[in-house]
>>> print(open('target_10.cif').read())   # mmCIF, C-alpha atoms
data_target
#
loop_
_atom_site.label_atom_id
_atom_site.label_comp_id
_atom_site.auth_asym_id
_atom_site.auth_seq_id
_atom_site.Cartn_x
_atom_site.Cartn_y
_atom_site.Cartn_z
CA MET A 1 -0.08 -7.93 13.54
CA GLU A 2 1.67 -10.43 11.27
CA LEU A 3 0.15 -11.60 8.02
CA SER A 4 -2.13 -14.62 8.25
CA LEU A 5 -3.30 -16.70 5.28
CA ALA A 6 -5.87 -19.50 5.21
CA THR A 7 -7.69 -21.16 2.33
CA ARG A 8 -11.02 -22.93 2.14
CA THR A 9 -13.43 -23.91 -0.59
CA VAL A 10 -16.86 -22.30 -0.97
CA GLU A 11 -19.17 -23.10 -3.90
CA GLU A 12 -16.29 -24.29 -6.12
CA HIS A 13 -14.32 -21.12 -5.37
CA THR A 14 -11.07 -21.08 -3.43
CA VAL A 15 -11.37 -18.45 -0.73
CA LEU A 16 -8.08 -17.05 0.58
CA GLU A 17 -8.67 -15.40 3.94
CA VAL A 18 -6.07 -12.72 4.57
CA GLY A 19 -5.51 -11.20 7.99
CA GLY A 20 -3.13 -8.73 9.60
CA GLU A 21 -0.87 -6.31 7.76
CA VAL A 22 -0.14 -6.56 4.05
CA ASP A 23 2.85 -4.32 3.34
CA VAL A 24 6.21 -4.22 1.61
CA TYR A 25 7.55 -6.82 4.07
CA THR A 26 4.67 -9.30 4.11
CA ALA A 27 3.27 -8.91 0.56
CA PRO A 28 5.81 -11.37 -0.95
CA ARG A 29 4.23 -14.15 1.18
CA LEU A 30 0.80 -13.25 -0.17
CA ARG A 31 2.20 -13.28 -3.71
CA GLU A 32 3.77 -16.71 -3.16
CA ARG A 33 0.50 -18.14 -1.84
CA LEU A 34 -1.51 -16.80 -4.76
CA VAL A 35 1.04 -18.11 -7.28
CA GLU A 36 0.93 -21.52 -5.55
CA LEU A 37 -2.85 -21.60 -5.85
CA VAL A 38 -2.84 -20.76 -9.56
CA ASP A 39 0.02 -23.17 -10.26
CA SER A 40 -1.89 -25.94 -8.49
CA GLY A 41 -4.76 -25.50 -10.93
CA VAL A 42 -7.11 -23.25 -8.96
CA ARG A 43 -9.01 -20.98 -11.33
CA ASP A 44 -11.70 -19.21 -9.29
CA VAL A 45 -10.17 -17.24 -6.46
CA VAL A 46 -11.87 -15.01 -3.88
CA VAL A 47 -9.57 -13.04 -1.59
CA ASP A 48 -11.32 -12.18 1.66
CA LEU A 49 -9.80 -9.00 3.10
CA GLY A 50 -12.07 -9.05 6.17
CA GLY A 51 -9.19 -9.57 8.60
CA VAL A 52 -6.81 -7.08 6.98
CA GLU A 53 -5.75 -4.24 9.26
CA PHE A 54 -3.35 -2.53 6.88
CA LEU A 55 -2.91 -2.64 3.11
CA ASP A 56 -0.34 -0.68 1.11
CA SER A 57 0.64 -0.25 -2.54
CA THR A 58 2.79 -3.38 -2.49
CA GLY A 59 -0.19 -5.46 -1.38
CA LEU A 60 -2.38 -3.87 -4.03
CA GLY A 61 0.28 -4.70 -6.64
CA VAL A 62 0.21 -8.35 -5.57
CA LEU A 63 -3.59 -8.47 -5.92
CA VAL A 64 -3.42 -6.96 -9.42
CA GLY A 65 -0.71 -9.46 -10.35
CA ALA A 66 -2.90 -12.37 -9.23
CA MET A 67 -5.86 -11.02 -11.16
CA LYS A 68 -3.80 -10.75 -14.35
CA ARG A 69 -2.43 -14.28 -13.87
CA LEU A 70 -5.95 -15.68 -13.52
CA ARG A 71 -7.22 -13.67 -16.46
CA VAL A 72 -4.58 -15.28 -18.68
CA ALA A 73 -5.64 -18.70 -17.34
CA ASN A 74 -9.33 -17.97 -18.02
CA GLY A 75 -10.05 -17.93 -14.30
CA SER A 76 -11.85 -15.45 -12.07
CA PHE A 77 -10.61 -13.20 -9.29
CA SER A 78 -12.63 -11.13 -6.85
CA LEU A 79 -12.25 -9.45 -3.50
CA VAL A 80 -14.41 -9.42 -0.38
CA CYS A 81 -14.15 -6.18 1.54
CA SER A 82 -16.59 -4.15 3.58
CA LYS A 83 -14.21 -1.97 5.61
CA GLU A 84 -14.57 1.65 4.63
CA ALA A 85 -10.88 2.41 5.28
CA LEU A 86 -9.85 -0.23 2.74
CA LEU A 87 -12.58 0.66 0.26
CA LYS A 88 -11.28 4.24 0.30
CA ILE A 89 -7.84 2.95 -0.72
CA PHE A 90 -9.39 1.15 -3.70
CA ARG A 91 -11.30 4.30 -4.69
CA ILE A 92 -8.29 6.63 -4.43
CA THR A 93 -6.14 4.35 -6.58
CA ALA A 94 -9.00 3.73 -9.05
CA LEU A 95 -8.55 0.01 -8.40
CA ASP A 96 -12.25 -0.17 -7.53
CA GLN A 97 -12.70 0.02 -11.31
CA VAL A 98 -10.34 -2.90 -11.83
CA PHE A 99 -11.39 -5.45 -9.17
CA PRO A 100 -14.84 -6.91 -8.63
CA ILE A 101 -15.35 -6.12 -4.92
CA PHE A 102 -18.14 -7.78 -2.93
CA PRO A 103 -19.37 -7.18 0.62
CA THR A 104 -19.62 -10.90 1.50
CA ILE A 105 -18.11 -14.21 0.44
CA GLU A 106 -21.58 -15.43 -0.54
CA ALA A 107 -22.01 -12.52 -2.94
CA ALA A 108 -18.53 -13.07 -4.39
CA THR A 109 -19.04 -16.77 -5.04
CA ARG A 110 -22.44 -16.02 -6.57
CA GLY A 111 -20.64 -13.42 -8.72
CA SER A 112 -23.75 -11.29 -9.08
CA ASP A 113 -23.09 -7.83 -10.47
CA ASP A 114 -26.04 -6.58 -8.46
CA SER A 115 -24.29 -7.24 -5.18
CA ALA A 116 -20.85 -5.92 -6.19
CA ILE A 117 -19.63 -2.79 -4.44
CA SER A 118 -17.64 -2.00 -7.55
CA MET B 1 12.69 21.69 14.86
CA ALA B 2 12.56 17.89 14.71
CA THR B 3 11.15 16.25 17.79
CA VAL B 4 11.72 12.65 16.73
CA ARG B 5 14.21 11.40 14.16
CA LEU B 6 14.41 7.80 13.02
CA SER B 7 16.97 6.30 10.65
CA PHE B 8 16.82 2.74 9.40
CA SER B 9 18.63 0.47 6.96
CA PRO B 10 16.71 0.16 3.70
CA ALA B 11 14.98 -3.14 4.51
CA PRO B 12 11.22 -3.74 4.13
CA VAL B 13 10.97 -5.13 7.68
CA HIS B 14 11.73 -1.69 9.15
CA VAL B 15 8.95 0.15 7.31
CA ARG B 16 6.43 -1.12 9.84
CA THR B 17 8.53 0.31 12.67
CA ALA B 18 8.57 3.69 10.93
CA ARG B 19 4.77 3.57 10.57
CA LEU B 20 4.29 2.73 14.23
CA VAL B 21 6.61 5.50 15.40
CA GLY B 22 5.08 8.00 12.97
CA VAL B 23 1.57 7.32 14.22
CA ALA B 24 2.63 7.38 17.88
CA VAL B 25 4.24 10.80 17.42
CA ALA B 26 1.23 12.04 15.41
CA ARG B 27 -1.12 11.02 18.22
CA ARG B 28 1.03 12.76 20.79
CA ALA B 29 1.27 15.85 18.58
CA GLY B 30 -2.52 16.16 18.51
CA VAL B 31 -3.40 14.93 15.02
CA ALA B 32 -7.11 14.06 14.96
CA GLU B 33 -7.84 10.39 15.64
CA GLU B 34 -9.73 10.00 12.34
CA LEU B 35 -6.60 11.05 10.38
CA LEU B 36 -4.26 8.52 11.97
CA ASP B 37 -5.02 5.74 9.45
CA GLU B 38 -4.07 8.14 6.67
CA VAL B 39 -0.89 9.17 8.50
CA ARG B 40 0.02 5.49 8.92
CA LEU B 41 -0.56 4.73 5.25
CA ALA B 42 1.24 7.83 3.92
CA ILE B 43 4.35 7.36 6.08
CA GLY B 44 4.41 3.70 5.03
CA GLU B 45 4.16 4.60 1.35
CA ALA B 46 6.89 7.23 1.57
CA CYS B 47 9.21 4.82 3.41
CA THR B 48 8.41 1.96 1.01
CA ARG B 49 9.32 4.23 -1.88
CA ALA B 50 12.62 5.22 -0.22
CA VAL B 51 13.53 1.59 0.55
CA ALA B 52 12.71 0.56 -3.03
CA LEU B 53 14.91 3.33 -4.45
CA HIS B 54 17.85 2.43 -2.19
CA ASN B 55 17.53 -1.22 -3.18
CA GLN B 56 17.22 -0.32 -6.85
CA TYR B 57 20.51 1.61 -6.69
CA GLY B 58 22.25 -0.79 -4.29
CA LEU B 59 22.56 1.89 -1.60
CA ALA B 60 23.15 0.80 2.00
CA ASP B 61 22.62 4.36 3.31
CA LEU B 62 20.01 4.80 5.99
CA VAL B 63 16.55 6.14 5.19
CA THR B 64 15.63 8.97 7.55
CA VAL B 65 12.22 9.92 8.90
CA GLU B 66 11.96 13.23 10.74
CA MET B 67 8.81 14.09 12.64
CA SER B 68 8.15 17.55 13.97
CA ASP B 69 5.15 18.86 15.86
CA SER B 70 5.86 22.57 15.88
CA GLU B 71 2.58 24.26 14.75
CA ALA B 72 1.49 21.33 12.51
CA TYR B 73 2.63 17.71 12.37
CA SER B 74 5.19 17.42 9.60
CA VAL B 75 6.98 14.28 8.49
CA ARG B 76 9.99 14.24 6.17
CA VAL B 77 11.09 10.96 4.62
CA ILE B 78 14.55 11.33 3.11
CA ASP B 79 16.27 9.00 0.65
CA HIS B 80 19.67 9.24 -1.02
CA ALA B 81 18.93 7.84 -4.47
CA PRO B 82 19.81 9.79 -7.64
CA ILE B 83 17.29 12.54 -8.34
CA GLU B 84 16.27 11.23 -11.77
CA ALA B 85 14.76 8.16 -10.08
CA SER B 86 12.12 10.37 -8.49
CA VAL B 87 10.70 11.44 -11.82
CA GLY B 88 8.69 8.20 -11.93
CA LEU B 89 6.09 9.61 -9.55
CA THR B 90 3.09 9.67 -11.82
CA LYS B 91 -0.48 8.63 -11.13
CA LEU B 92 -1.74 5.88 -13.42
CA PRO B 93 -5.13 6.15 -15.12
CA PRO B 94 -7.59 3.32 -14.34
CA ASP B 95 -7.42 1.74 -17.80
CA GLU B 96 -3.65 1.26 -17.47
CA LEU B 97 -3.75 -0.32 -14.00
CA ALA B 98 -4.68 -3.78 -15.22
CA ASP B 99 -2.74 -3.53 -18.47
CA GLU B 100 -0.67 -6.63 -19.16
CA SER B 101 2.40 -4.63 -20.18
CA LEU B 102 2.61 -2.75 -16.88
CA THR B 103 5.28 -4.24 -14.63
CA ASP B 104 4.52 -4.99 -10.98
CA GLU B 105 7.13 -2.41 -9.94
CA ALA B 106 5.62 0.32 -12.12
CA LEU B 107 2.14 -0.52 -10.86
CA THR B 108 3.22 -0.40 -7.22
CA THR B 109 5.03 2.90 -7.75
CA GLY B 110 2.04 4.47 -9.47
CA VAL B 111 -0.42 3.18 -6.88
CA GLY B 112 1.88 4.31 -4.06
CA PHE B 113 1.98 7.82 -5.44
CA ALA B 114 -1.79 7.84 -5.91
CA LEU B 115 -2.17 6.95 -2.23
CA LEU B 116 0.26 9.66 -1.12
CA ALA B 117 -1.43 12.29 -3.26
CA GLY B 118 -4.88 11.10 -2.27
CA PHE B 119 -4.32 10.97 1.47
CA VAL B 120 -2.01 13.94 2.04
CA ASP B 121 -3.38 17.40 1.32
CA ASP B 122 -0.04 19.07 2.00
CA LEU B 123 2.53 16.99 0.11
CA GLN B 124 5.86 18.06 -1.38
CA VAL B 125 8.55 16.01 -3.11
CA ARG B 126 11.81 17.91 -3.54
CA PRO B 127 15.57 17.34 -3.81
CA VAL B 128 17.54 17.19 -0.56
CA GLU B 129 19.80 20.17 0.02
CA ASP B 130 23.07 18.22 0.35
CA GLY B 131 24.03 15.42 -2.04
CA PRO B 132 21.74 13.15 -4.04
CA GLY B 133 18.30 12.22 -2.80
CA THR B 134 14.75 13.40 -2.40
CA GLU B 135 12.61 14.40 0.50
CA VAL B 136 8.90 13.57 0.74
CA ARG B 137 7.37 16.13 3.10
CA MET B 138 3.87 15.61 4.48
CA VAL B 139 1.99 17.91 6.82
CA TRP B 140 -1.17 17.31 8.86
CA PRO B 141 -3.04 19.77 11.06
CA VAL B 142 -2.99 19.35 14.83
CA GLN B 143 -5.66 20.15 17.35
CA ARG B 144 -4.96 22.59 20.17
CA ARG B 145 -4.09 20.72 23.34
#
>>> encode(input="target_10.cif", output="structure tokens")
Amino acid sequence: MELSLATRTVEEHTVLEVGGEVDVYTAPRLRERLVELVDSGVRDVVVDLGGVEFLDSTGLGVLVGAMKRLRVANGSFSLVCSKEALLKIFRITALDQVFPIFPTIEAATRGSDDSAIS
Amino acid sequence: MATVRLSFSPAPVHVRTARLVGVAVARRAGVAEELLDEVRLAIGEACTRAVALHNQYGLADLVTVEMSDSEAYSVRVIDHAPIEASVGLTKLPPDELADESLTDEALTTGVGFALLAGFVDDLQVRPVEDGPGTEVRMVWPVQRR
């Protein structure tokens, strides 16, 4: 399935809903969208991976890049993910220790450490 | 003996095709259903690495994926980049992953290798026998049909 991207605002956070396959071919579009958001002044970004069917190292690299960009801009960046197959990818790469990962958008926008998966 | 052999120009758009074929052959070979996500990811990572190396060195040569189902399911992903390029396969520690000085390319390479090593129990990276290039060989068990 092709990559799909949609944004909406929840509790003063910009939620980017990602769907489909994020790989070496589609990841540049995700990178462009995230750069556009930051360049337009968005500072609190939640990336919802609920619709993602495939995620590879290129996609992970894009997510880390966005997090670094927001860190420099004093913003916040978190992920929403509850799929075990994707969570395993974050664990194996140790990126679960880098990203705040939440099970729901509500938990992510609340930003509570108690509800974070990582 | 290879049962399916796929060669593609080193373009990102073809990596998905290689994943789809690799998983289809794995399923037919008898790889357990619960391993197929890992097969998909590992073949994708190995092909992504090969495509990146060919692009880095300006090589138009085809990347080859050979799938064989004799005894176990083995997949060989073969590139033709200079051998020294393959030395960059190192797993990054967590504290370096978000380091500002780490380039996106280095991060992706390190994460890609972590995924290969983490998802494939039987993994070998070795020089090809003829000419420049490396071969990433991955093996998964198959169930008796």
>>> interface_residues(input="target_10.cif", of="chain B", to="chain A", cutoff="6 Å", atoms="all atoms listed in the file", output="PDB file with C-alpha atoms, in the frame of the given file")
ATOM      1  CA  PRO B  12      11.220  -3.740   4.130  1.00  0.00           C
ATOM      2  CA  VAL B  13      10.970  -5.130   7.680  1.00  0.00           C
ATOM      3  CA  PRO B  94      -7.590   3.320 -14.340  1.00  0.00           C
ATOM      4  CA  THR B 108       3.220  -0.400  -7.220  1.00  0.00           C
ATOM      5  CA  VAL B 111      -0.420   3.180  -6.880  1.00  0.00           C
ATOM      6  CA  GLY B 112       1.880   4.310  -4.060  1.00  0.00           C
ATOM      7  CA  ALA B 114      -1.790   7.840  -5.910  1.00  0.00           C
TER       8      ALA B 114
END
>>> closest_residue(input="target_10.cif", among="A:Glu53, A:Glu12, A:Val18, A:Leu34", to="Arg110 (chain A)", atoms="all atoms listed in the file")
A:Glu12
>>> atom_distance(input="target_10.cif", atom1="CA of Val52 (chain A)", atom2="CA of Val22 (chain A)")
7.3 Å
>>> atom_distance(input="target_10.cif", atom1="CA of Arg5 (chain B)", atom2="CA of Val39 (chain B)")
16.3 Å
>>> resolve_selection(input="target_10.cif", expression="the PyMOL selection byres ((chain B and resi 30-32) around 9)", output="ChimeraX atom specification")
/B:25-29,33-36,69,72-73,140-145
>>> resolve_selection(input="target_10.cif", expression="the PyMOL selection byres ((chain B and resi 9) around 7)", output="ChimeraX atom specification")
/B:8,10-11,60-63
>>> atom_distance(input="target_10.cif", atom1="CA of Gly75 (chain A)", atom2="CA of Leu3 (chain A)")
25.3 Å
>>> residues_around(input="target_10.cif", residues="Ser76 (chain A)", least_positions_apart="2", cutoff="9 Å", atoms="all atoms listed in the file", output="list in words")
Arg43, Asp44, Val45, Val46, Met67, Leu70, Arg71, Ala73, Asn74 and Ser78 of chain A
>>> write_last_selection(input="target_10.cif", atoms="C-alpha atoms", output="compact mmCIF listing (two decimals), keeping the file's coordinate frame")
# COMPACT_ATOMS: atom_id res chain seq x y z
CA ARG A 43 -9.01 -20.98 -11.33
CA ASP A 44 -11.70 -19.21 -9.29
CA VAL A 45 -10.17 -17.24 -6.46
CA VAL A 46 -11.87 -15.01 -3.88
CA MET A 67 -5.86 -11.02 -11.16
CA LEU A 70 -5.95 -15.68 -13.52
CA ARG A 71 -7.22 -13.67 -16.46
CA ALA A 73 -5.64 -18.70 -17.34
CA ASN A 74 -9.33 -17.97 -18.02
CA SER A 78 -12.63 -11.13 -6.85
>>> closest_residue(input="target_10.cif", among="A:His13, A:Thr104, A:Ser82, A:Ala6", to="Gly41 (chain A)", atoms="all atoms listed in the file")
A:His13
>>> residues_around(input="target_10.cif", residues="Gly51 (chain A)", least_positions_apart="6", cutoff="10 Å", atoms="all atoms listed in the file", output="list in words")
Leu3, Ser4, Leu5, Glu17, Val18, Gly19, Gly20, Glu21, Cys81 and Lys83 of chain A
>>> resolve_selection(input="target_10.cif", expression="the PyMOL selection byres ((chain B and resi 41) around 9)", output="PyMOL selection string")
(chain A and resi 54-56) or (chain B and resi 19+36-40+42-46+115-116+119)
>>> decode(input="target_10.cif", residues="region 56-69 of chain B", atoms="N, CA and C atoms", output="tab-separated table (two decimals), in the first residue's frame")
chain	number	residue	atom	x	y	z
B	56	GLN	N	25.74	5.35	-4.16
B	56	GLN	CA	26.90	6.04	-3.60
B	56	GLN	C	28.09	6.00	-4.56
B	57	TYR	N	28.26	4.87	-5.25
B	57	TYR	CA	29.39	4.71	-6.15
B	57	TYR	C	29.02	4.95	-7.62
B	58	GLY	N	27.80	5.41	-7.87
B	58	GLY	CA	27.38	5.70	-9.24
B	58	GLY	C	27.33	4.47	-10.13
B	59	LEU	N	27.00	3.33	-9.56
B	59	LEU	CA	26.96	2.08	-10.33
B	59	LEU	C	25.56	1.81	-10.86
B	60	ALA	N	25.48	1.53	-12.17
B	60	ALA	CA	24.17	1.22	-12.76
B	60	ALA	C	23.91	-0.29	-12.76
B	61	ASP	N	24.91	-1.07	-12.31
B	61	ASP	CA	24.76	-2.54	-12.31
B	61	ASP	C	23.51	-2.96	-11.55
B	62	LEU	N	22.97	-4.10	-11.96
B	62	LEU	CA	21.77	-4.60	-11.30
B	62	LEU	C	22.10	-5.18	-9.93
B	63	VAL	N	21.18	-5.05	-9.00
B	63	VAL	CA	21.26	-5.73	-7.71
B	63	VAL	C	20.54	-7.07	-7.89
B	64	THR	N	21.12	-8.12	-7.36
B	64	THR	CA	20.54	-9.45	-7.56
B	64	THR	C	20.05	-10.05	-6.24
B	65	VAL	N	18.88	-10.64	-6.29
B	65	VAL	CA	18.34	-11.35	-5.12
B	65	VAL	C	18.10	-12.79	-5.56
B	66	GLU	N	18.74	-13.72	-4.88
B	66	GLU	CA	18.56	-15.14	-5.21
B	66	GLU	C	17.89	-15.84	-4.04
B	67	MET	N	16.81	-16.52	-4.32
B	67	MET	CA	16.06	-17.21	-3.28
B	67	MET	C	16.08	-18.71	-3.57
B	68	SER	N	16.43	-19.47	-2.55
B	68	SER	CA	16.51	-20.91	-2.74
B	68	SER	C	15.78	-21.62	-1.60
B	69	ASP	N	15.05	-22.65	-1.92
B	69	ASP	CA	14.31	-23.34	-0.86
B	69	ASP	C	14.77	-24.79	-0.68
